[in-house]
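The file run_36.txt contains compact mmCIF, C-alpha atoms:
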```txt
# COMPACT_ATOMS: atom_id res chain seq x y z
CA MET H 18 -12.24 244.38 161.19
CA GLY H 19 -11.89 246.24 157.88
CA ARG H 20 -13.05 249.76 157.08
CA VAL H 21 -16.01 250.02 154.71
CA ILE H 22 -15.90 253.30 152.77
CA VAL H 23 -18.49 254.38 150.23
CA VAL H 24 -17.10 256.60 147.46
CA THR H 25 -19.96 258.78 146.29
CA SER H 26 -20.98 262.04 144.66
CA GLY H 27 -24.07 264.13 144.17
CA LYS H 28 -23.90 263.90 140.40
CA GLY H 29 -22.28 261.79 137.73
CA GLY H 30 -19.21 262.67 135.72
CA VAL H 31 -17.08 264.04 138.56
CA GLY H 32 -14.50 261.22 138.55
CA LYS H 33 -15.91 259.10 141.35
CA THR H 34 -15.11 255.71 139.79
CA THR H 35 -11.61 256.84 138.84
CA ALA H 36 -11.03 258.02 142.40
CA CYS H 37 -12.32 254.75 143.86
CA ALA H 38 -10.03 252.70 141.60
CA ASN H 39 -6.92 254.78 142.22
CA VAL H 40 -7.31 255.11 145.99
CA GLY H 41 -7.96 251.37 146.16
CA PHE H 42 -4.88 250.63 144.07
CA ALA H 43 -2.76 252.95 146.22
CA LEU H 44 -3.93 251.26 149.41
CA ALA H 45 -3.10 247.87 147.89
CA LYS H 46 0.37 249.10 146.90
CA ALA H 47 0.81 250.09 150.56
CA GLY H 48 0.27 246.45 151.50
CA LYS H 49 -3.37 246.63 152.57
CA GLU H 50 -5.82 243.95 151.50
CA VAL H 51 -8.40 245.84 149.45
CA LEU H 52 -11.75 244.90 147.93
CA LEU H 53 -13.44 247.27 145.48
CA ILE H 54 -17.17 246.67 145.00
CA ASP H 55 -19.05 248.20 142.09
CA THR H 56 -22.60 248.89 143.28
CA ASP H 57 -23.71 250.73 140.14
CA LEU H 58 -26.01 248.01 138.81
CA GLY H 59 -26.67 248.24 135.08
CA LEU H 60 -23.94 250.84 134.52
CA ARG H 61 -20.77 249.20 135.79
CA ASN H 62 -17.50 250.94 134.94
CA LEU H 63 -15.07 250.05 137.72
CA ASP H 64 -13.99 246.88 135.89
CA THR H 65 -13.15 248.88 132.77
CA VAL H 66 -11.17 251.52 134.67
CA LEU H 67 -9.14 248.70 136.21
CA GLY H 68 -8.78 246.80 132.92
CA LEU H 69 -10.53 243.72 134.34
CA GLU H 70 -13.65 243.66 132.18
CA ASN H 71 -12.63 240.50 130.31
CA ARG H 72 -12.26 238.45 133.48
CA ILE H 73 -15.82 238.80 134.82
CA VAL H 74 -17.78 235.57 135.28
CA PHE H 75 -20.04 236.32 138.25
CA ASP H 76 -21.12 239.59 139.87
CA ILE H 77 -22.56 241.00 143.08
CA VAL H 78 -26.15 240.12 142.14
CA ASP H 79 -25.14 236.50 141.55
CA VAL H 80 -23.71 236.49 145.08
CA VAL H 81 -26.79 237.85 146.86
CA GLU H 82 -29.04 235.52 144.83
CA ASN H 83 -26.85 232.55 145.86
CA LYS H 84 -25.97 231.68 142.26
CA CYS H 85 -22.28 231.56 143.20
CA ARG H 86 -20.00 231.69 146.21
CA ILE H 87 -18.54 235.03 147.22
CA LYS H 88 -15.02 234.10 146.18
CA GLN H 89 -16.23 233.12 142.70
CA ALA H 90 -17.38 236.70 142.08
CA ILE H 91 -14.14 238.29 143.29
CA ILE H 92 -11.43 239.04 140.72
CA ARG H 93 -7.88 239.41 141.99
CA ASP H 94 -5.87 242.02 140.12
CA LYS H 95 -2.73 240.37 138.76
CA ARG H 96 -0.68 243.59 139.05
CA THR H 97 -0.79 243.49 142.85
CA GLU H 98 -1.62 240.63 145.15
CA HIS H 99 -3.65 242.87 147.45
CA LEU H 100 -6.28 244.36 145.09
CA ASN H 101 -9.61 242.64 144.43
CA LEU H 102 -12.80 243.55 142.57
CA MET H 103 -16.41 242.42 142.91
CA PRO H 104 -18.15 243.75 139.78
CA ALA H 105 -21.70 244.99 139.39
CA SER H 106 -24.24 243.34 137.12
CA GLN H 107 -24.49 244.90 133.69
CA THR H 108 -28.02 243.63 133.05
CA ARG H 109 -29.89 244.15 136.33
CA ASP H 110 -31.31 247.36 137.78
CA LYS H 111 -30.87 249.04 141.16
CA ASN H 112 -33.71 247.04 142.72
CA ALA H 113 -31.85 243.73 142.27
CA ILE H 114 -30.18 244.25 145.67
CA THR H 115 -31.80 245.42 148.90
CA GLU H 116 -30.21 247.43 151.67
CA LYS H 117 -30.37 244.40 153.98
CA GLN H 118 -28.61 242.21 151.43
CA MET H 119 -25.84 244.78 151.12
CA ILE H 120 -25.45 245.02 154.90
CA ASP H 121 -25.33 241.23 155.23
CA LEU H 122 -22.77 240.89 152.44
CA LEU H 123 -20.47 243.54 153.88
CA SER H 124 -20.75 242.02 157.36
CA GLU H 125 -19.43 238.78 155.91
CA LEU H 126 -16.60 240.48 154.02
CA LYS H 127 -15.37 242.90 156.69
CA ASN H 128 -13.13 240.38 158.41
CA GLN H 129 -11.37 239.45 155.17
CA TYR H 130 -10.12 242.86 154.05
CA ASP H 131 -8.44 245.92 155.51
CA PHE H 132 -10.45 248.22 153.24
CA ILE H 133 -13.66 247.74 151.28
CA LEU H 134 -14.37 250.62 148.90
CA LEU H 135 -17.86 250.87 147.42
CA ASP H 136 -18.18 252.63 144.08
CA CYS H 137 -21.59 254.23 144.55
CA PRO H 138 -24.02 255.18 141.76
CA ALA H 139 -24.47 258.90 141.24
CA GLY H 140 -27.67 260.44 142.58
CA ILE H 141 -29.68 259.75 145.70
CA GLU H 142 -32.05 256.97 144.67
CA GLN H 143 -32.10 253.26 145.56
CA GLY H 144 -28.57 252.48 144.38
CA PHE H 145 -27.21 255.22 146.62
CA LYS H 146 -29.26 253.98 149.58
CA ASN H 147 -27.99 250.42 149.06
CA ALA H 148 -24.36 251.51 148.91
CA ILE H 149 -24.40 253.68 152.02
CA ALA H 150 -26.45 251.15 154.05
CA GLY H 151 -23.46 249.02 154.97
CA ALA H 152 -20.78 251.72 155.00
CA ASP H 153 -18.97 253.04 158.05
CA GLU H 154 -17.30 255.99 156.31
CA ALA H 155 -17.70 258.02 153.13
CA ILE H 156 -15.56 259.87 150.63
CA VAL H 157 -17.53 262.49 148.70
CA ILE H 158 -16.10 263.46 145.32
CA CYS H 159 -16.98 266.81 143.80
CA THR H 160 -15.58 269.19 141.24
CA PRO H 161 -15.07 272.91 141.97
CA GLU H 162 -18.29 273.94 140.22
CA VAL H 163 -21.34 275.42 141.90
CA SER H 164 -23.72 272.66 140.70
CA SER H 165 -21.39 269.87 141.83
CA VAL H 166 -20.81 271.45 145.24
CA ARG H 167 -24.55 271.97 145.72
CA ASP H 168 -25.23 268.30 144.95
CA ALA H 169 -22.38 267.22 147.22
CA ASP H 170 -23.93 269.25 150.03
CA ARG H 171 -27.20 267.34 149.61
CA VAL H 172 -25.41 263.98 149.68
CA ILE H 173 -23.41 264.92 152.78
CA GLY H 174 -26.63 265.85 154.55
CA LEU H 175 -28.29 262.56 153.63
CA MET H 176 -25.32 260.53 154.84
CA ALA H 177 -25.14 262.44 158.10
CA SER H 178 -28.80 261.64 158.70
CA SER H 179 -27.98 257.97 157.98
CA GLU H 180 -25.44 258.07 160.83
CA ILE H 181 -22.31 257.90 158.71
CA ALA H 182 -20.21 259.90 161.12
CA HIS H 183 -16.92 260.10 159.24
CA ILE H 184 -17.23 261.89 155.89
CA SER H 185 -14.19 262.97 153.87
CA LEU H 186 -14.09 265.28 150.87
CA VAL H 187 -12.06 265.04 147.67
CA VAL H 188 -12.13 267.99 145.27
CA ASN H 189 -11.37 266.78 141.76
CA ARG H 190 -10.31 268.41 138.47
CA ILE H 191 -9.08 271.68 139.92
CA LYS H 192 -7.66 273.99 137.25
CA PRO H 193 -5.20 276.39 138.92
CA GLU H 194 -5.30 278.97 136.13
CA LEU H 195 -9.09 279.29 136.45
CA VAL H 196 -8.86 279.44 140.23
CA ARG H 197 -6.27 282.23 140.05
CA SER H 198 -8.45 284.22 137.65
CA GLY H 199 -11.47 283.81 139.91
CA ASP H 200 -13.40 281.75 137.35
CA MET H 201 -13.40 278.53 139.37
CA LEU H 202 -13.99 277.72 143.00
CA SER H 203 -10.78 277.10 144.93
CA LEU H 204 -10.25 274.18 147.28
CA GLU H 205 -10.74 276.55 150.19
CA ASP H 206 -13.98 277.88 148.71
CA VAL H 207 -15.39 274.35 148.47
CA GLU H 208 -14.34 273.50 152.02
CA ASP H 209 -15.91 276.70 153.28
CA ILE H 210 -19.21 276.17 151.47
CA LEU H 211 -19.56 272.55 152.54
CA GLY H 212 -18.15 273.00 156.04
CA GLN H 213 -15.97 269.98 155.34
CA LYS H 214 -12.18 269.62 155.29
CA ALA H 215 -10.77 267.93 152.21
CA ILE H 216 -8.73 264.75 152.35
CA GLY H 217 -7.53 265.35 148.81
CA ALA H 218 -7.25 267.94 146.03
CA VAL H 219 -6.74 266.43 142.58
CA TYR H 220 -5.66 268.90 139.91
CA ASP H 221 -6.75 268.50 136.29
CA ASP H 222 -4.40 266.01 134.66
CA ALA H 223 -4.48 264.49 131.16
CA SER H 224 -2.80 261.35 132.47
CA ILE H 225 -6.15 260.31 133.95
CA VAL H 226 -7.68 260.05 130.48
CA ARG H 227 -4.71 258.07 129.19
CA ALA H 228 -4.80 255.75 132.21
CA THR H 229 -8.54 255.08 131.86
CA ASN H 230 -8.22 254.28 128.17
CA LEU H 231 -5.41 251.84 128.97
CA GLY H 232 -7.32 250.17 131.83
CA GLU H 233 -4.50 251.27 134.11
CA ALA H 234 -4.45 253.13 137.41
CA ALA H 235 -2.96 256.64 137.37
CA VAL H 236 -0.97 255.70 140.48
CA ASN H 237 1.01 253.33 138.22
CA ILE H 238 1.85 256.00 135.64
CA PRO H 239 5.18 257.79 136.22
CA ASN H 240 4.95 261.56 136.60
CA SER H 241 1.16 261.55 136.94
CA LYS H 242 0.30 264.41 139.28
CA ALA H 243 -3.17 262.99 139.82
CA GLY H 244 -1.67 259.60 140.58
CA ARG H 245 0.60 261.07 143.23
CA GLU H 246 -2.33 262.84 144.87
CA TYR H 247 -4.39 259.63 144.94
CA GLU H 248 -1.44 257.99 146.68
CA ASN H 249 -1.43 260.85 149.18
CA ILE H 250 -5.16 260.39 149.78
CA ALA H 251 -4.51 256.73 150.57
CA LYS H 252 -1.73 257.71 152.97
CA ARG H 253 -4.03 260.19 154.71
CA LEU H 254 -6.62 257.43 155.10
CA LEU H 255 -3.88 255.42 156.78
CA GLY H 256 -3.24 258.26 159.23
CA GLU H 257 -0.22 259.98 157.69
CA ASN H 258 -0.10 263.76 158.05
CA ILE H 259 0.51 264.92 154.48
CA PRO H 260 -0.32 268.57 153.69
CA ILE H 261 -2.71 269.30 150.83
CA THR H 262 -1.47 271.75 148.21
CA ASN H 263 -3.02 275.17 148.81
CA SER H 264 -4.61 276.76 145.76
CA ASN H 265 -3.78 280.29 147.04
CA ALA H 266 -7.08 281.60 145.78
CA PHE H 267 -9.31 281.58 148.82
CA GLY H 268 -12.52 283.39 148.20
CA ALA H 269 -11.73 284.51 144.65
CA PHE H 270 -14.79 282.98 143.08
CA ILE H 271 -17.07 283.93 145.98
CA ASP H 272 -15.80 287.53 145.83
CA LYS H 273 -16.46 287.64 142.10
CA LEU H 274 -20.02 286.39 142.59
CA PHE H 275 -20.73 289.24 144.99
CA GLY H 276 -18.86 291.89 143.05
CA LYS H 277 -16.01 292.17 145.54
CA LYS H 278 -12.41 292.68 144.61
CA ALA H 279 -10.36 289.54 145.11
CA VAL H 280 -7.49 289.88 147.54
CA GLY H 281 -3.98 288.85 146.50
```
Could you express the structure from this file as structure tokens?
Amino acid sequence: MGRVIVVTSGKGGVGKTTACANVGFALAKAGKEVLLIDTDLGLRNLDTVLGLENRIVFDIVDVVENKCRIKQAIIRDKRTEHLNLMPASQTRDKNAITEKQMIDLLSELKNQYDFILLDCPAGIEQGFKNAIAGADEAIVICTPEVSSVRDADRVIGLMASSEIAHISLVVNRIKPELVRSGDMLSLEDVEDILGQKAIGAVYDDASIVRATNLGEAAVNIPNSKAGREYENIAKRLLGENIPITNSNAFGAFIDKLFGKKAVG
């Protein structure tokens, strides 16, 4: 039975959809059968990030309303035989799908894929509740900013109360020069504040912007540092023991906040 992982965040704009697409692509490149499901009704973006927006005929709402068969709403990525997408509706709102419908749909799909990644809407309203309802695991994306970490903490608490036992953390858009100067939270700071070990640390990388504009995954762009880290995240999900790059700035931002002298 496949693993159902919701990719979520406390706020928008932290790179959640990009992370979902790239981790999914990396898992598919590793030979795993992967289905990405966009659950952000009315604001779909996963299809654009993957460059599949022109191939959409049916979507997830059509499936739950029995307007099409499941396989008619699934788009197979032509770049790899193992990556598939079920897009969100662009015209319906978050109430078009219920939590029960999501659970039933995922129960039917679990036996067909090794991994199902759910691109979750930002925030904690109905779209979030729908996405986490059928998930077994979660990946929380945050950036090393106080507001993002605070919102991630809220989301982690809500998922824990929903009995999602396995929650992983990915810290995105880390800028080493700001970490070293004490003007940005380090990876270690974020882990310490959230009480959560990271499964990935993605450093700020212009190749992500280029990849998104091209409808391409960063994991397919040579020399993309972000792409290599997304591949490492996929490998860690598969059980490989790959160390995460240490930012060497533990506590710098926290020390600055409290007027302490940073060590090192």
Give me the residues within 12 Å of Asp57 in chain H as an MDAnalysis selection string, counting only C-alpha atoms and dropping any in the same chain fewer than 3 places off. chainID H and resid 23:25 29 33:34 54 60:64 76:78 103:114 135:140 142:148
Using all atoms listed in the file, which protein or nucleic acid residues come within 12 Å of range 83-97 of chain H? Drop anything in the same chain fewer than 5 positions from it, and give the result as an MDAnalysis selection string. chainID H and resid 38 41:55 63:64 67:78 102:106 118 122:123 125:126 129 232:234 237
Which of these residues is nearest to Met119 in chain H, using only C-alpha atoms: H:Gln213, H:Ser241, H:Thr56, H:Thr262? H:Thr56
CA of Gly174 in chain H to CA of Ile261 in chain H, straight-line distance in Å: 24.5 Å
So what do you get for CA of Ile141 in chain H versus CA of Val207 in chain H, distance-wise? 20.6 Å
Compare H:Ala36, H:Ile120, H:Val236, H:Leu175 by their minimum atom-to-atom distance to Val188 in chain H, counting all atoms listed in the file, and give me the closest one.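 Checking each candidate against Val188 in chain H, we get H:Ala36 as the closest.
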